[in-house]
2 protein chains.
Amino acid sequence: MRKLRHEEISRVSASIVRLVPRHPITVVLDNVRSVHNVGSIFRTSDAALVERIILTGITATPENPHIHKAALGAQDTVPWEYKQNAATAINDLRKSGYTIVVLELTDTPTQTTAVTREEFPLCLVVGNELSGVDEGLVAQADYALEIQQYGAKQSMNVAVAYGIAVFDLVRLLRGLL
Amino acid sequence: MRKLRHEEISRVSASIVRLVPRHPITVVLDNVRSVHNVGSIFRTSDAALVERIILTGITATPENPHIHKAALGAQDTVPWEYKQNAATAINDLRKSGYTIVVLELTDTPTQTTAVTREEFPLCLVVGNELSGVDEGLVAQADYALEIQQYGAKQSMNVAVAYGIAVFDLVRLLRGLL
């Protein structure tokens, strides 16, 4: 077994990727503080081929050059938009038929692997590194995804938790989980 | 549905977690450059309850105070050790019955969900952010895990890729995938 050389890794050009149907998952990043996390989430979102990222509240947009170092170009391959108010953005998605799902610890947790294909298109809401998803958004969501944790801390980096959740969703959609 | 308050999130104390059997996964972090990534991987490893992290090469150890900001205490709940040479550390694990698995793009990829329980105890090797897992380690590994990606970049942050892979492994072990 040997590692692939850089030029052997099959990459689809950005112009081709633009023509491929994207997974029906819209991500809302509300009040994510760290540009490093936003950039990393863009990079994961390119890999997961989600349809769109909506940045809300204080979340920095790719116009902030510090995002580029972590996003490594993914800010140009994942469609994104900025909206001031997350609740309004989410309401609009709900009216368009989206299931609204928050990534948060709640009194009624759902494991990511319990999601069914009928729940797509799906809006996945990710919140602030310290305070999590806003309580008002949690109250209005259809359900909350939780990644079962086994250690002492019950806390993961937001970009890592998002990566686990979104890859579960994509693989469920594709019948791989 | 409502968000759990901080005090409602059930946490097991570090002293109890020390008594719980840990998942038979040893993680080797070889030449991971960023202390932010090392800290984040500690945090994920606490959540995944892996048995141990072996830091090798230039990978910073928790003696580096910059790790603490990203690890948020997980450096004290996950057993770790430092060894200069990754190949030696991995050979010792192999002799102890570990399956050696690299997280890398290779000519013979294995999806994480294809791993079976017979392959534990398992050593998961994670490499440098830019150059990946060392070619010599790849050549000696039993197989290479790959997270199938759908976008234009074919590259994820190492701490995010590790999170996806290790949570797949833990859930496979527990019969949840």
# chains A, B, ... in the order shown; residues from 1 in each chain; ligands from 1
>>> closest_atom_pairs(of="chain B", to="chain A", cutoff="7 Å", atoms="only C-alpha atoms", output="tab-separated table")
residue	atom	partner	partner_atom	distance
B:Met1	CA	A:Ala139	CA	5.3
B:Arg2	CA	A:Ala139	CA	5.5
B:Lys3	CA	A:Thr106	CA	4.2
B:Leu4	CA	A:Thr106	CA	4.8
B:Arg11	CA	A:Ala152	CA	5.8
B:Val12	CA	A:Ala152	CA	5.2
B:Ser13	CA	A:Ala152	CA	5.9
B:Ala14	CA	A:Ala152	CA	5.6
B:Val17	CA	A:Ala152	CA	6.2
B:Ser40	CA	A:Asn157	CA	6.4
B:Arg43	CA	A:Met156	CA	6.0
B:Thr44	CA	A:Met156	CA	5.8
B:Asp46	CA	A:Gly151	CA	4.9
B:Ala47	CA	A:Gly151	CA	4.5
B:Ala48	CA	A:Tyr150	CA	5.7
B:Leu49	CA	A:Gly151	CA	5.3
B:Leu105	CA	A:Leu4	CA	5.9
B:Thr106	CA	A:Lys3	CA	4.2
B:Asp107	CA	A:Leu4	CA	6.1
B:Thr108	CA	A:Met1	CA	6.5
B:Glu135	CA	A:Lys3	CA	6.3
B:Val138	CA	A:Arg2	CA	6.1
B:Ala139	CA	A:Met1	CA	5.4
B:Gln149	CA	A:Ala47	CA	4.7
B:Tyr150	CA	A:Ala47	CA	5.1
B:Gly151	CA	A:Ala47	CA	4.5
B:Ala152	CA	A:Val12	CA	5.2
B:Lys153	CA	A:Arg11	CA	6.6
B:Gln154	CA	A:Ala47	CA	6.4
B:Met156	CA	A:Thr44	CA	5.8
B:Asn157	CA	A:Ser40	CA	6.4
B:Ala159	CA	A:Val160	CA	6.8
B:Val160	CA	A:Val160	CA	4.7
B:Gly163	CA	A:Val160	CA	5.9
B:Ile164	CA	A:Ile164	CA	4.9
B:Leu177	CA	A:Leu177	CA	6.8
>>> residues_around(residues="Trp80 (chain B)", least_positions_apart="3", cutoff="7 Å", atoms="only C-alpha atoms", output="list in words")
Arg52, Ile53 and Ile54 of chain B
>>> select_by_dssp(residues="chain A", states="helix (DSSP H, G or I)", output="mmCIF file with C-alpha atoms, in the first residue's frame")
data_model
loop_
_atom_site.group_PDB
_atom_site.id
_atom_site.type_symbol
_atom_site.label_atom_id
_atom_site.label_comp_id
_atom_site.auth_asym_id
_atom_site.auth_seq_id
_atom_site.Cartn_x
_atom_site.Cartn_y
_atom_site.Cartn_z
ATOM 1 C CA HIS A 6 -0.698 15.023 -4.842
ATOM 2 C CA GLU A 7 -1.379 14.775 -8.589
ATOM 3 C CA GLU A 8 -2.917 11.313 -8.230
ATOM 4 C CA ALA A 14 -14.566 23.810 -9.228
ATOM 5 C CA SER A 15 -16.333 24.462 -12.555
ATOM 6 C CA ILE A 16 -17.489 20.834 -12.727
ATOM 7 C CA VAL A 17 -18.469 20.743 -9.037
ATOM 8 C CA VAL A 35 -12.645 32.619 11.958
ATOM 9 C CA HIS A 36 -10.583 29.437 12.242
ATOM 10 C CA ASN A 37 -13.751 27.449 12.942
ATOM 11 C CA VAL A 38 -15.667 29.174 10.139
ATOM 12 C CA GLY A 39 -12.855 28.406 7.703
ATOM 13 C CA SER A 40 -12.642 24.794 8.826
ATOM 14 C CA ILE A 41 -16.428 24.430 8.459
ATOM 15 C CA PHE A 42 -16.206 25.763 4.893
ATOM 16 C CA ARG A 43 -13.543 23.160 4.127
ATOM 17 C CA THR A 44 -15.652 20.339 5.577
ATOM 18 C CA SER A 45 -18.708 21.676 3.733
ATOM 19 C CA ASP A 46 -16.875 21.507 0.416
ATOM 20 C CA ALA A 47 -16.020 17.866 1.171
ATOM 21 C CA ALA A 48 -19.619 17.120 2.207
ATOM 22 C CA HIS A 66 -8.390 35.364 8.075
ATOM 23 C CA ILE A 67 -10.960 32.762 7.016
ATOM 24 C CA HIS A 68 -8.981 31.894 3.906
ATOM 25 C CA LYS A 69 -6.100 30.342 5.832
ATOM 26 C CA ALA A 70 -8.428 27.745 7.362
ATOM 27 C CA ALA A 71 -10.830 27.432 4.412
ATOM 28 C CA ALA A 74 -13.418 26.225 0.051
ATOM 29 C CA GLN A 75 -14.932 29.683 0.523
ATOM 30 C CA ASP A 76 -15.054 29.807 -3.292
ATOM 31 C CA ALA A 86 -30.867 33.568 12.080
ATOM 32 C CA ALA A 87 -34.510 33.193 13.177
ATOM 33 C CA THR A 88 -35.748 34.917 10.021
ATOM 34 C CA ALA A 89 -33.438 32.871 7.800
ATOM 35 C CA ILE A 90 -34.611 29.639 9.458
ATOM 36 C CA ASN A 91 -38.285 30.594 9.180
ATOM 37 C CA ASP A 92 -37.820 31.171 5.468
ATOM 38 C CA LEU A 93 -36.252 27.716 5.125
ATOM 39 C CA ARG A 94 -39.081 26.122 7.083
ATOM 40 C CA LYS A 95 -41.620 27.717 4.747
ATOM 41 C CA THR A 112 -27.494 11.568 13.935
ATOM 42 C CA THR A 113 -27.850 7.973 12.750
ATOM 43 C CA ALA A 114 -31.592 8.069 13.577
ATOM 44 C CA ARG A 117 -34.218 10.445 4.289
ATOM 45 C CA GLU A 118 -37.738 11.840 4.508
ATOM 46 C CA GLU A 119 -36.358 14.667 6.636
ATOM 47 C CA GLU A 135 -32.295 29.082 23.017
ATOM 48 C CA GLY A 136 -34.964 30.693 20.854
ATOM 49 C CA LEU A 137 -33.701 28.775 17.816
ATOM 50 C CA VAL A 138 -33.613 25.523 19.825
ATOM 51 C CA ALA A 139 -37.216 26.047 20.954
ATOM 52 C CA GLN A 140 -38.364 26.438 17.341
ATOM 53 C CA VAL A 158 -17.707 23.092 17.056
ATOM 54 C CA ALA A 159 -15.994 22.412 13.710
ATOM 55 C CA VAL A 160 -15.293 18.795 14.717
ATOM 56 C CA ALA A 161 -18.857 18.213 15.957
ATOM 57 C CA TYR A 162 -20.165 19.723 12.730
ATOM 58 C CA GLY A 163 -17.904 17.425 10.700
ATOM 59 C CA ILE A 164 -19.199 14.314 12.437
ATOM 60 C CA ALA A 165 -22.829 15.410 12.121
ATOM 61 C CA VAL A 166 -22.728 16.517 8.487
ATOM 62 C CA PHE A 167 -20.849 13.431 7.295
ATOM 63 C CA ASP A 168 -23.424 11.256 9.078
ATOM 64 C CA LEU A 169 -26.190 13.140 7.262
ATOM 65 C CA VAL A 170 -24.506 12.890 3.868
ATOM 66 C CA ARG A 171 -23.833 9.179 4.264
ATOM 67 C CA LEU A 172 -27.414 8.570 5.407
ATOM 68 C CA LEU A 173 -28.651 10.351 2.299
#
>>> residues_around(residues="Leu29 (chain A)", least_positions_apart="5", cutoff="7 Å", atoms="only C-alpha atoms", output="ChimeraX atom specification")
/A:54-56,59,125-127
>>> write_last_selection(atoms="N, CA, C and O atoms", output="JSON list (two decimals), in the first residue's frame")
[["chain", "number", "residue", "atom", "x", "y", "z"],
["A", 54, "ILE", "N", -25.40, 29.52, 5.36],
["A", 54, "ILE", "CA", -25.91, 30.86, 5.68],
["A", 54, "ILE", "C", -25.21, 31.31, 6.96],
["A", 54, "ILE", "O", -25.29, 30.64, 8.00],
["A", 55, "LEU", "N", -24.49, 32.41, 6.86],
["A", 55, "LEU", "CA", -23.76, 32.96, 7.99],
["A", 55, "LEU", "C", -24.64, 34.02, 8.63],
["A", 55, "LEU", "O", -25.14, 34.91, 7.92],
["A", 56, "THR", "N", -24.84, 33.94, 9.94],
["A", 56, "THR", "CA", -25.73, 34.90, 10.59],
["A", 56, "THR", "C", -25.07, 35.49, 11.84],
["A", 56, "THR", "O", -24.11, 34.93, 12.38],
["A", 59, "THR", "N", -21.08, 35.86, 12.96],
["A", 59, "THR", "CA", -20.22, 34.95, 12.18],
["A", 59, "THR", "C", -19.54, 35.71, 11.04],
["A", 59, "THR", "O", -20.20, 36.38, 10.26],
["A", 125, "VAL", "N", -28.36, 23.73, 12.09],
["A", 125, "VAL", "CA", -27.99, 24.98, 12.75],
["A", 125, "VAL", "C", -26.87, 24.74, 13.76],
["A", 125, "VAL", "O", -27.00, 23.89, 14.65],
["A", 126, "VAL", "N", -25.79, 25.49, 13.60],
["A", 126, "VAL", "CA", -24.62, 25.38, 14.47],
["A", 126, "VAL", "C", -24.44, 26.73, 15.16],
["A", 126, "VAL", "O", -24.60, 27.77, 14.53],
["A", 127, "GLY", "N", -24.12, 26.72, 16.45],
["A", 127, "GLY", "CA", -24.07, 27.97, 17.20],
["A", 127, "GLY", "C", -22.69, 28.32, 17.74],
["A", 127, "GLY", "O", -21.67, 27.76, 17.33]]
>>> select_by_dssp(residues="chain B", states="strand (DSSP E)", output="compact mmCIF listing (two decimals) with all heavy atoms, in the first residue's frame")
# COMPACT_ATOMS: atom_id res chain seq x y z
N HIS B 23 -12.22 2.60 25.11
CA HIS B 23 -12.29 1.91 23.82
C HIS B 23 -10.88 1.51 23.36
O HIS B 23 -9.96 2.33 23.46
CB HIS B 23 -12.96 2.81 22.78
CG HIS B 23 -14.37 3.15 23.11
ND1 HIS B 23 -14.84 4.45 23.24
CD2 HIS B 23 -15.44 2.35 23.37
CE1 HIS B 23 -16.12 4.42 23.55
NE2 HIS B 23 -16.52 3.17 23.64
N PRO B 24 -10.72 0.28 22.83
CA PRO B 24 -9.38 -0.23 22.48
C PRO B 24 -8.83 0.40 21.19
O PRO B 24 -8.60 -0.27 20.19
CB PRO B 24 -9.60 -1.73 22.35
CG PRO B 24 -11.04 -1.87 21.97
CD PRO B 24 -11.77 -0.73 22.64
N ILE B 25 -8.67 1.70 21.25
CA ILE B 25 -8.12 2.47 20.13
C ILE B 25 -6.98 3.32 20.68
O ILE B 25 -7.18 4.13 21.59
CB ILE B 25 -9.19 3.41 19.51
CG1 ILE B 25 -10.40 2.61 19.02
CG2 ILE B 25 -8.59 4.26 18.39
CD1 ILE B 25 -11.62 3.48 18.68
N THR B 26 -5.77 3.10 20.14
CA THR B 26 -4.64 3.96 20.47
C THR B 26 -4.39 4.86 19.28
O THR B 26 -4.38 4.40 18.13
CB THR B 26 -3.39 3.12 20.81
OG1 THR B 26 -3.54 2.59 22.13
CG2 THR B 26 -2.12 3.96 20.76
N VAL B 27 -4.24 6.14 19.55
CA VAL B 27 -4.05 7.13 18.48
C VAL B 27 -2.59 7.54 18.45
O VAL B 27 -2.02 7.85 19.50
CB VAL B 27 -4.94 8.36 18.74
CG1 VAL B 27 -4.75 9.41 17.65
CG2 VAL B 27 -6.41 7.94 18.84
N VAL B 28 -1.98 7.51 17.28
CA VAL B 28 -0.62 8.03 17.12
C VAL B 28 -0.72 9.33 16.33
O VAL B 28 -1.25 9.35 15.21
CB VAL B 28 0.30 7.03 16.39
CG1 VAL B 28 1.63 7.68 16.03
CG2 VAL B 28 0.54 5.80 17.26
N LEU B 29 -0.27 10.42 16.94
CA LEU B 29 -0.21 11.72 16.25
C LEU B 29 1.23 11.98 15.89
O LEU B 29 2.05 12.31 16.74
CB LEU B 29 -0.70 12.85 17.16
CG LEU B 29 -2.14 12.83 17.66
CD1 LEU B 29 -2.46 14.14 18.37
CD2 LEU B 29 -3.11 12.60 16.50
N ASP B 30 1.56 11.80 14.61
CA ASP B 30 2.95 11.94 14.17
C ASP B 30 3.15 13.25 13.43
O ASP B 30 2.50 13.52 12.42
CB ASP B 30 3.32 10.75 13.26
CG ASP B 30 4.81 10.75 12.92
OD1 ASP B 30 5.62 11.03 13.82
OD2 ASP B 30 5.13 10.47 11.76
N VAL B 50 -10.98 7.14 23.83
CA VAL B 50 -9.92 6.26 23.33
C VAL B 50 -8.96 5.96 24.47
O VAL B 50 -8.86 6.70 25.44
CB VAL B 50 -9.16 6.88 22.13
CG1 VAL B 50 -10.13 7.22 21.00
CG2 VAL B 50 -8.33 8.07 22.54
N GLU B 51 -8.25 4.86 24.35
CA GLU B 51 -7.44 4.43 25.50
C GLU B 51 -6.21 5.30 25.72
O GLU B 51 -5.76 5.46 26.85
CB GLU B 51 -7.04 2.96 25.37
CG GLU B 51 -6.20 2.65 24.15
CD GLU B 51 -5.97 1.15 23.95
OE1 GLU B 51 -6.50 0.34 24.72
OE2 GLU B 51 -5.24 0.81 23.01
N ARG B 52 -5.68 5.88 24.63
CA ARG B 52 -4.38 6.55 24.78
C ARG B 52 -4.02 7.30 23.50
O ARG B 52 -4.41 6.91 22.41
CB ARG B 52 -3.35 5.44 25.04
CG ARG B 52 -1.93 5.71 24.79
CD ARG B 52 -1.10 4.47 25.15
NE ARG B 52 -1.67 3.25 24.57
CZ ARG B 52 -1.04 2.07 24.50
NH1 ARG B 52 0.18 1.96 24.99
NH2 ARG B 52 -1.62 1.02 23.95
N ILE B 53 -3.27 8.38 23.66
CA ILE B 53 -2.67 9.09 22.52
C ILE B 53 -1.16 8.99 22.66
O ILE B 53 -0.61 9.27 23.73
CB ILE B 53 -3.09 10.58 22.48
CG1 ILE B 53 -4.62 10.71 22.37
CG2 ILE B 53 -2.42 11.30 21.32
CD1 ILE B 53 -5.11 12.16 22.38
N ILE B 54 -0.50 8.59 21.58
CA ILE B 54 0.96 8.61 21.56
C ILE B 54 1.37 9.74 20.62
O ILE B 54 1.00 9.77 19.44
CB ILE B 54 1.56 7.27 21.08
CG1 ILE B 54 1.07 6.12 21.98
CG2 ILE B 54 3.09 7.34 21.07
CD1 ILE B 54 1.57 4.74 21.56
N LEU B 55 2.09 10.70 21.17
CA LEU B 55 2.55 11.86 20.40
C LEU B 55 3.97 11.56 19.94
O LEU B 55 4.82 11.17 20.76
CB LEU B 55 2.52 13.09 21.30
CG LEU B 55 1.17 13.31 21.99
CD1 LEU B 55 1.33 14.03 23.32
CD2 LEU B 55 0.22 14.06 21.08
N THR B 56 4.23 11.72 18.65
CA THR B 56 5.57 11.39 18.14
C THR B 56 6.10 12.52 17.26
O THR B 56 5.36 13.38 16.79
CB THR B 56 5.53 10.08 17.30
OG1 THR B 56 4.66 10.27 16.18
CG2 THR B 56 5.03 8.89 18.12
N TRP B 80 -1.74 9.86 27.80
CA TRP B 80 -0.87 10.14 26.64
C TRP B 80 0.57 9.87 27.01
O TRP B 80 0.94 9.84 28.18
CB TRP B 80 -1.04 11.59 26.16
CG TRP B 80 -0.60 12.62 27.15
CD1 TRP B 80 -1.35 13.21 28.11
CD2 TRP B 80 0.72 13.18 27.28
NE1 TRP B 80 -0.60 14.10 28.84
CE2 TRP B 80 0.68 14.09 28.36
CE3 TRP B 80 1.94 12.99 26.61
CZ2 TRP B 80 1.80 14.82 28.78
CZ3 TRP B 80 3.05 13.71 27.02
CH2 TRP B 80 2.97 14.62 28.10
N GLU B 81 1.38 9.68 25.98
CA GLU B 81 2.81 9.59 26.18
C GLU B 81 3.52 10.15 24.95
O GLU B 81 2.91 10.25 23.88
CB GLU B 81 3.25 8.14 26.44
CG GLU B 81 2.85 7.17 25.35
CD GLU B 81 2.95 5.71 25.81
OE1 GLU B 81 4.06 5.21 25.95
OE2 GLU B 81 1.87 5.08 25.99
N TYR B 82 4.76 10.53 25.12
CA TYR B 82 5.54 11.01 23.98
C TYR B 82 6.60 9.99 23.61
O TYR B 82 7.30 9.47 24.50
CB TYR B 82 6.23 12.35 24.28
CG TYR B 82 7.10 12.79 23.12
CD1 TYR B 82 6.55 13.37 21.99
CD2 TYR B 82 8.47 12.54 23.12
CE1 TYR B 82 7.32 13.70 20.89
CE2 TYR B 82 9.27 12.88 22.02
CZ TYR B 82 8.68 13.45 20.91
OH TYR B 82 9.45 13.78 19.82
N LYS B 83 6.71 9.67 22.33
CA LYS B 83 7.81 8.84 21.84
C LYS B 83 8.39 9.52 20.61
O LYS B 83 7.65 9.99 19.74
CB LYS B 83 7.31 7.44 21.48
CG LYS B 83 6.85 6.65 22.70
CD LYS B 83 6.50 5.23 22.38
CE LYS B 83 6.15 4.48 23.67
NZ LYS B 83 5.78 3.07 23.43
N THR B 99 -4.07 -3.85 15.18
CA THR B 99 -4.18 -3.59 13.75
C THR B 99 -3.72 -2.14 13.53
O THR B 99 -4.14 -1.24 14.26
CB THR B 99 -5.63 -3.73 13.27
OG1 THR B 99 -6.12 -5.01 13.65
CG2 THR B 99 -5.74 -3.57 11.76
N ILE B 100 -2.87 -1.93 12.54
CA ILE B 100 -2.31 -0.59 12.31
C ILE B 100 -3.03 0.05 11.12
O ILE B 100 -2.99 -0.47 9.99
CB ILE B 100 -0.79 -0.65 12.03
CG1 ILE B 100 -0.07 -1.49 13.10
CG2 ILE B 100 -0.22 0.77 11.92
CD1 ILE B 100 -0.20 -1.00 14.52
N VAL B 101 -3.66 1.18 11.37
CA VAL B 101 -4.50 1.83 10.38
C VAL B 101 -4.07 3.29 10.24
O VAL B 101 -3.94 3.99 11.25
CB VAL B 101 -5.98 1.76 10.84
CG1 VAL B 101 -6.88 2.53 9.89
CG2 VAL B 101 -6.43 0.32 10.96
N VAL B 102 -3.85 3.72 9.02
CA VAL B 102 -3.48 5.13 8.80
C VAL B 102 -4.69 5.90 8.25
O VAL B 102 -5.50 5.34 7.51
CB VAL B 102 -2.27 5.28 7.86
CG1 VAL B 102 -1.00 4.75 8.52
CG2 VAL B 102 -2.52 4.60 6.51
N LEU B 103 -4.79 7.15 8.63
CA LEU B 103 -5.84 8.03 8.08
C LEU B 103 -5.18 8.79 6.94
O LEU B 103 -4.49 9.79 7.16
CB LEU B 103 -6.34 8.97 9.18
CG LEU B 103 -7.55 9.85 8.83
CD1 LEU B 103 -8.77 9.00 8.49
CD2 LEU B 103 -7.88 10.78 9.99
N PRO B 109 -7.97 2.39 -0.67
CA PRO B 109 -8.72 2.99 0.44
C PRO B 109 -9.75 2.04 1.06
O PRO B 109 -10.30 1.18 0.38
CB PRO B 109 -9.43 4.17 -0.23
CG PRO B 109 -9.57 3.78 -1.66
CD PRO B 109 -8.38 2.92 -1.98
N THR B 110 -9.96 2.20 2.35
CA THR B 110 -11.02 1.50 3.07
C THR B 110 -11.91 2.55 3.71
O THR B 110 -11.42 3.48 4.34
CB THR B 110 -10.42 0.61 4.19
OG1 THR B 110 -9.55 -0.34 3.59
CG2 THR B 110 -11.50 -0.10 4.99
N GLN B 111 -13.23 2.43 3.53
CA GLN B 111 -14.14 3.35 4.22
C GLN B 111 -14.21 2.96 5.70
O GLN B 111 -14.16 1.77 6.04
CB GLN B 111 -15.53 3.28 3.60
CG GLN B 111 -15.57 3.66 2.12
CD GLN B 111 -15.08 5.07 1.87
OE1 GLN B 111 -15.55 6.02 2.49
NE2 GLN B 111 -14.11 5.22 0.98
N LEU B 122 -6.96 -1.43 17.91
CA LEU B 122 -6.61 -0.78 16.66
C LEU B 122 -5.80 0.47 16.97
O LEU B 122 -6.08 1.20 17.92
CB LEU B 122 -7.93 -0.44 15.95
CG LEU B 122 -7.93 0.14 14.56
CD1 LEU B 122 -9.18 -0.30 13.80
CD2 LEU B 122 -7.90 1.65 14.62
N CYS B 123 -4.77 0.68 16.16
CA CYS B 123 -3.95 1.89 16.27
C CYS B 123 -4.27 2.78 15.08
O CYS B 123 -4.11 2.36 13.93
CB CYS B 123 -2.48 1.51 16.29
SG CYS B 123 -1.38 2.90 16.01
N LEU B 124 -4.74 3.99 15.34
CA LEU B 124 -5.10 4.94 14.28
C LEU B 124 -3.99 5.99 14.19
O LEU B 124 -3.74 6.72 15.15
CB LEU B 124 -6.44 5.59 14.60
CG LEU B 124 -6.96 6.64 13.61
CD1 LEU B 124 -7.16 6.05 12.21
CD2 LEU B 124 -8.28 7.24 14.11
N VAL B 125 -3.36 6.04 13.03
CA VAL B 125 -2.21 6.94 12.84
C VAL B 125 -2.64 8.17 12.05
O VAL B 125 -3.20 8.05 10.95
CB VAL B 125 -1.06 6.24 12.09
CG1 VAL B 125 0.16 7.15 11.99
CG2 VAL B 125 -0.71 4.91 12.75
N VAL B 126 -2.38 9.34 12.62
CA VAL B 126 -2.73 10.62 12.01
C VAL B 126 -1.43 11.40 11.79
O VAL B 126 -0.55 11.37 12.65
CB VAL B 126 -3.68 11.40 12.95
CG1 VAL B 126 -3.96 12.80 12.42
CG2 VAL B 126 -4.97 10.63 13.16
N TYR B 143 -4.03 -1.23 6.87
CA TYR B 143 -4.83 -0.56 5.84
C TYR B 143 -4.98 0.92 6.13
O TYR B 143 -4.55 1.41 7.17
CB TYR B 143 -6.17 -1.24 5.59
CG TYR B 143 -7.08 -1.37 6.77
CD1 TYR B 143 -8.01 -0.40 7.06
CD2 TYR B 143 -7.00 -2.50 7.58
CE1 TYR B 143 -8.85 -0.54 8.13
CE2 TYR B 143 -7.84 -2.65 8.67
CZ TYR B 143 -8.76 -1.66 8.94
OH TYR B 143 -9.59 -1.80 10.00
N ALA B 144 -5.58 1.60 5.15
CA ALA B 144 -5.73 3.05 5.23
C ALA B 144 -7.21 3.40 5.22
O ALA B 144 -7.96 2.96 4.35
CB ALA B 144 -5.04 3.71 4.04
N LEU B 145 -7.61 4.18 6.20
CA LEU B 145 -8.98 4.68 6.22
C LEU B 145 -9.10 5.92 5.37
O LEU B 145 -8.22 6.78 5.38
CB LEU B 145 -9.40 5.04 7.65
CG LEU B 145 -9.64 3.89 8.61
CD1 LEU B 145 -10.16 4.46 9.93
CD2 LEU B 145 -10.65 2.91 8.02
N GLU B 146 -10.22 6.01 4.66
CA GLU B 146 -10.47 7.20 3.87
C GLU B 146 -11.91 7.64 4.11
O GLU B 146 -12.81 6.81 4.19
CB GLU B 146 -10.27 6.85 2.38
CG GLU B 146 -10.52 8.02 1.47
CD GLU B 146 -10.14 7.73 0.02
OE1 GLU B 146 -9.12 7.05 -0.23
OE2 GLU B 146 -10.90 8.18 -0.87
>>> decode(residues="region 28-56 of chain B", atoms="C-alpha atoms", output="short mmCIF file (atom, residue, chain, number, x, y, z; two decimals), in the first residue's frame")
data_model
loop_
_atom_site.label_atom_id
_atom_site.label_comp_id
_atom_site.auth_asym_id
_atom_site.auth_seq_id
_atom_site.Cartn_x
_atom_site.Cartn_y
_atom_site.Cartn_z
CA VAL B 28 -0.62 8.03 17.12
CA LEU B 29 -0.21 11.72 16.25
CA ASP B 30 2.95 11.94 14.17
CA ASN B 31 4.41 15.32 13.28
CA VAL B 32 1.18 17.25 13.82
CA ARG B 33 2.34 20.84 13.58
CA SER B 34 -0.50 22.89 15.04
CA VAL B 35 -1.01 22.98 18.80
CA HIS B 36 -4.59 23.98 18.05
CA ASN B 37 -5.11 20.70 16.19
CA VAL B 38 -3.41 18.68 18.92
CA GLY B 39 -5.62 20.31 21.57
CA SER B 40 -8.75 19.74 19.52
CA ILE B 41 -7.78 16.07 19.00
CA PHE B 42 -7.37 15.67 22.77
CA ARG B 43 -10.84 17.09 23.28
CA THR B 44 -12.36 14.73 20.69
CA SER B 45 -10.40 11.83 22.19
CA ASP B 46 -11.88 12.50 25.62
CA ALA B 47 -15.35 12.39 24.04
CA ALA B 48 -14.52 9.18 22.14
CA LEU B 49 -12.91 7.62 25.24
CA VAL B 50 -9.92 6.26 23.33
CA GLU B 51 -7.44 4.43 25.50
CA ARG B 52 -4.38 6.55 24.78
CA ILE B 53 -2.67 9.09 22.52
CA ILE B 54 0.96 8.61 21.56
CA LEU B 55 2.55 11.86 20.40
CA THR B 56 5.57 11.39 18.14
#
